[in-house]
Each structure stands twice: as C-alpha cells, then as structure tokens.
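Taking it in order: structure first as structure tokens, then the write-up.
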Amino acid sequence: MLALRLTRSARPAVQLRRLLVAAASAGTGFLLLCVLGYALGHPGTPAGSLLLRLAWCAVPLAATAHFALAVARTDPASRPRPGLSAIGLGPTRLMAVSAITTALSTLLGSMLALLVFLHLRGDLTGLPFDGAASAFLAADRPLPLPAALTLLAVVPATASVTVALALRPREARPTATNRGFGRFGEYGRAGAPDTFGAYGRFGARWRNRDHEPANGATGRTPDTDGAPAAAGTATEDGGRGAAPDGEPTAALPWGITLLAAGLAVEAYALRNTAPATLALPGGLAGGPAAVLVGWTLTAVGLALAGPGLTHLCGRLLQAVRPGALRLLAGRVLMAEADRIGRPLGVVCAVASAAYALPMLHRDGNLGPLTALGALLVVGCTVATLLTAAVEARQDRADTTAALRRVGAPATVLRSAAALRAGALLAVFGPLTLFVAELAALPLTR
C-alpha cells in the first residue's frame, strides 16, 4: 500500500520515467512472447535454436533492467531523508519500496504486452492487418497461458531483483584505527619502534601526542593543532579524494582487455558469416552464439572502461594551468565518473553494434521484431544515460546552490556543463567509431 501511495503521489516527471519503464517492459515482454509464438508455429525447430532466440532477447532484457535501475535511483520516494527511520522507513524499507514500485511498473508493461500479443493473434477480436502477424505468432494454435505468464514474469522479476540488489543498504566497513602501543602506553598512532633510551631523551614524549591540547601543563605550545589540520586537509584532498579518484581508473585495464576479447570473438564469428535476414533477435547464420558472446564482452568492456575514461577527461580538463571554469568542469567529471561513465560506455557499445548491424543485412530488411529489439536497446540505453545525468544533477544541487550564493553567475555553470559535454564527446565519439569500424571490419571483406 505504501508503494502504491508513493507511486500515485509522485511528480509528473517521475511518473513519465515510470511510464517509460513500463513501455520498455512491454516491448521486451512482447519479444519473449514472439519467441513462444515462433516455437508454437514451428514445432520441429531444434531446442538449441529456440534457446538461442531467447538468449538474444536477453539483450533488450538487460537494457530494460538497467533503465529500471536508473529510474529507481532518481525516484524521490526511495531517497533517505531525516526522520524517516523514526516512522519505520529505514534504508531496508526504502529499498523494498523501490523494488515494489519497479515491479508495479514492469508488470503494467507486461500486461500491455500480453494484450497486444493476444490482439495480433486474433484471440480478442479478428485478425488485424489482414493476418500479417499470424505467421510468427502461431494464430492457428492455442496459446499455453502458463508458458506465456512465465515469460511475462521474467522482466518484472529481473528488474525488481536488480533494483533490490543495487539499492540494498550496505554497512560501512570499520576503518582500521591508526593507533599504536609503545613501550610505555598508547601513543595514538603506530610509528617506528623506539630504540633503547629514546624515552628519556628531551621531547620524545611529545612526538605522538597530537590528541593533547595546544597549551599543555608544561607551558610548551606545540604546533599540534596546525598539524592535525594539515593532515586532515591532506587526507581529504589526497586520502579520501584520491581513493574515489583512483577507483574508476582501476577497472580501465580490465575494460580494455574485455573490449579486445569481445572484438576478437566477433571477428572470429563473423569472418565467414553470410548476410542473413533476422526474423527475430538471434536469427544470425554462421556462429550466432559466438556473435552474442562477442557483443556481450564488448559491452561489458566498454561499461568497465567508461568510468576510467570519464575520470581521465576530468583530469585532462584540469591540465596545463587551468582556470576556474576548467577546474569546476574537471572536478565535476571526476566526482561523477562512476555515475556517468558506465551508461556512456554502454551507449558506445550499442552505437557500435548499431553501426555494424546493417552490414549483416545488406538488403536492408531487418524485420519488424529485429527493429523492435534494436529500438528497445537504443532507447533504453539513451534513456538510462539521460536519467543518470538527472541523478547527477540532483546530487550536486547543494553544490550548485552554494556556488550561486557566493555569486557565481549562471553563465559559468552553463559553460562548465557545455565544457563537460564537449570533453566527453571528444573522447567517447572517436572511441565509438573506432570500435564500430573494428567490429564491422570482418563483414567488409
């Protein structure tokens, strides 16, 4: 009931994003039902071919689940706010509300897909479009309802489980205390072991007493307040700042490795592939399973490399004596590398695949279901990127408000946003063209 109330009382923009999730779920559910219809109309088809068609439907399924997760992250109802734990809305309950809301949106789409499928089969009324869709929907055979409902439950289950796993509350790891024990007690932090007689030397007891007040009883005024302040600044700028800044680039070598492996698998699978017409996503001739594996590795590699490349874009913007505008744009890119980089990498993978897909069908006939699957994947990835940008804008709203309070003009903020977009386009645009050319190279020979 709480999820229904929050769903009903959301703002129009939030409702629009949920309707887009429902539309993506409807398209994916319809593709799954079409695989069922193909199996009913071709009872002699080998089981391996049917499993391969279902495997190709996993691509729009993954794109739909990714988009549903991005929408759940930007949902105001799932954001923790002060005072919610007192009324029983802790992190676990908010995660459950997000998962249930996602399940409701995707269930709506699955029911819409079932209605459209039954309408095209002629089960509700007569056959529309003069029976043009009856060939691949098995309109002359009874529809097994349990199998249809099982396939329709795949999208809501996958999307809700993905949201629940991604938004689950994580306990903070206990930080290691940097405290050591010397010969005569606790000094506050570990250091080099004392040599014999070191304790008796003048001032030796003041080495690790950073926790004492500045004006001690001995009358000495050690510069301990400034040292912890400098250490704290160094920790914030080089410790806590360096760790997140280093995390996106840590996966960059793995992403490049998976990208190279995916391109090699695609080249091996497509070197003897003849152009074929896709009746469904997955009707490729000449090693379609290897093609699917290669595209998957390429997409995963670009998704892993995306945050590192976004982080490098931020660093390049701040190179060579940057001004305030370049510093602002670069730091924002570095801070949002994980959030923006992964959807950007997926968009690059989809764009490169879309570039190579028409070369597999030189007659230009992709088929309606293949076109629907391609439209779903492209639409979901682009919508995910835009939703991630909305989430990033929401997270830096306080920073933007603080900049405006100190007198930063709006033109500076807009110029910084344009500079970030230009830097990302300058890096990811050529990368997409490079990957697309390499993926299509075996087909042009």
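Chains: A, B, ... in order of the structure tokens. Residues: from 1 per chain. Ligands: from 1, in order shown.
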message = If DSSP is run on the backbone, what residues of stretch 37-175 of chain A are helix (DSSP H, G or I)? A reply as a ChimeraX atom specification would be ideal.
response = /A:37-41,47-74,76-78,85-87,91-121,128-131,134-137,145-152,154-166
request  = Quick one: everything within 12 Å of stretch 318-322 of chain A, counting only C-alpha atoms, minus sequence neighbours fewer than 2 positions away in the same chain. Send it as a list in words.
outcome  =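 Selected residues are His311, Leu312, Cys313, Gly314, Arg315, Leu316, Ala324, Leu325, Arg326, Leu327, Leu328, Ala329, Gly330, Arg331, Val332, Leu333, Met334, Leu419, Arg420 and Ala423 of chain A.
Taking atom CA of A:Arg405 and atom CA of A:Ala417 as the two end points, the separation is 18.6 Å.
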request  = Identify, on the basis of only C-alpha atoms, every residue whose closest approach to A:Gly37 does not exceed 6 Å; exclude the query and any residue fewer than 3 positions from it along the same chain; express the result as a ChimeraX atom specification.
outcome  = /A:34,40,137-138
inquiry  = I'd like the contact shell of A:Ala157 - 12 Å cut-off, only C-alpha atoms, skipping same-chain residues fewer than 3 positions apart - returned as number ranges by chain.
reply    = A: 25, 29, 61, 64-65, 68, 99-100, 102-107, 110, 150-154, 160-164
ask   = What does the distance between atom CA of A:Pro142 and atom CA of A:Leu36 come to in Å, to one decimal place?
value =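 The value is 11.5 Å.
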note = Students should find that atom CA of A:Thr381 and atom CA of A:Leu344 are spaced 8.6 Å
remark   = Residue with the minimum atom-to-atom distance to A:Leu33, picked from A:Val14, A:Val350, A:Val71, A:Val116 with only C-alpha atoms counted, is A:Val116
ask   = Using only C-alpha atoms, which residue out of A:Leu317, A:Ala299, A:Leu441, A:Ala305 lies closest to A:Val347?
value =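 The answer is A:Ala299, which sits nearest to A:Val347.
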Residue contacts of A:Leu20 (12 Å, only C-alpha atoms) excluding same-chain residues fewer than 3 positions away, as a short mmCIF file (atom, residue, chain, number, x, y, z; two decimals) with N, CA and C atoms, in the first residue's frame:
data_model
loop_
_atom_site.label_atom_id
_atom_site.label_comp_id
_atom_site.auth_asym_id
_atom_site.auth_seq_id
_atom_site.Cartn_x
_atom_site.Cartn_y
_atom_site.Cartn_z
N ALA A 13 7.18 14.33 -13.75
CA ALA A 13 8.42 13.85 -14.35
C ALA A 13 8.75 12.44 -13.89
N VAL A 14 8.50 12.16 -12.60
CA VAL A 14 8.75 10.81 -12.08
C VAL A 14 7.79 9.82 -12.70
N GLN A 15 6.53 10.22 -12.85
CA GLN A 15 5.54 9.33 -13.47
C GLN A 15 5.90 9.06 -14.93
N LEU A 16 6.44 10.05 -15.62
CA LEU A 16 6.85 9.85 -17.01
C LEU A 16 7.97 8.83 -17.11
N ARG A 17 8.94 8.90 -16.20
CA ARG A 17 10.03 7.92 -16.22
C ARG A 17 9.50 6.52 -15.92
N ALA A 23 6.84 0.99 -20.73
CA ALA A 23 6.90 0.81 -22.19
C ALA A 23 8.05 -0.12 -22.58
N ALA A 24 9.21 0.05 -21.94
CA ALA A 24 10.34 -0.84 -22.23
C ALA A 24 10.03 -2.27 -21.82
N SER A 25 9.36 -2.43 -20.68
CA SER A 25 8.95 -3.76 -20.25
C SER A 25 7.95 -4.38 -21.21
N ALA A 26 7.05 -3.58 -21.75
CA ALA A 26 6.08 -4.09 -22.72
C ALA A 26 6.78 -4.58 -23.99
N GLY A 27 7.74 -3.82 -24.48
CA GLY A 27 8.46 -4.25 -25.67
C GLY A 27 9.24 -5.52 -25.46
N THR A 64 16.49 -3.13 -20.40
CA THR A 64 15.31 -2.71 -19.64
C THR A 64 15.59 -2.70 -18.15
N PHE A 67 17.76 0.30 -17.29
CA PHE A 67 16.97 1.52 -17.29
C PHE A 67 16.07 1.60 -16.05
N ALA A 68 15.47 0.49 -15.65
CA ALA A 68 14.64 0.47 -14.45
C ALA A 68 15.46 0.82 -13.21
N ALA A 70 18.17 2.75 -13.17
CA ALA A 70 18.46 4.19 -13.23
C ALA A 70 17.25 5.01 -12.79
N VAL A 71 16.05 4.59 -13.19
CA VAL A 71 14.84 5.31 -12.78
C VAL A 71 14.62 5.17 -11.28
N THR A 102 9.20 -0.65 -8.87
CA THR A 102 9.70 -1.14 -10.15
C THR A 102 8.89 -2.33 -10.65
N SER A 105 5.61 -1.10 -12.15
CA SER A 105 5.77 -0.50 -13.48
C SER A 105 5.99 -1.56 -14.55
N THR A 106 6.85 -2.52 -14.25
CA THR A 106 7.14 -3.56 -15.24
C THR A 106 5.96 -4.52 -15.42
N LEU A 108 2.85 -3.63 -15.27
CA LEU A 108 1.95 -2.91 -16.17
C LEU A 108 2.38 -3.09 -17.62
N GLY A 109 3.68 -2.99 -17.88
CA GLY A 109 4.16 -3.20 -19.23
C GLY A 109 3.96 -4.63 -19.72
N LEU A 376 14.39 -0.94 -28.79
CA LEU A 376 14.35 -1.08 -27.33
C LEU A 376 15.73 -0.86 -26.72
N GLY A 379 16.84 2.84 -27.25
CA GLY A 379 16.05 3.76 -26.42
C GLY A 379 16.34 3.62 -24.94
N CYS A 380 16.51 2.37 -24.47
CA CYS A 380 16.78 2.17 -23.04
C CYS A 380 18.15 2.69 -22.64
N VAL A 382 19.96 5.12 -24.14
CA VAL A 382 19.96 6.58 -24.16
C VAL A 382 19.15 7.14 -22.99
N ALA A 383 18.00 6.53 -22.70
CA ALA A 383 17.20 6.99 -21.56
C ALA A 383 17.93 6.77 -20.25
N THR A 384 18.70 5.69 -20.15
CA THR A 384 19.50 5.45 -18.93
C THR A 384 20.55 6.53 -18.75
N THR A 387 18.83 9.68 -17.63
CA THR A 387 18.39 9.55 -16.24
C THR A 387 19.57 9.66 -15.29
#
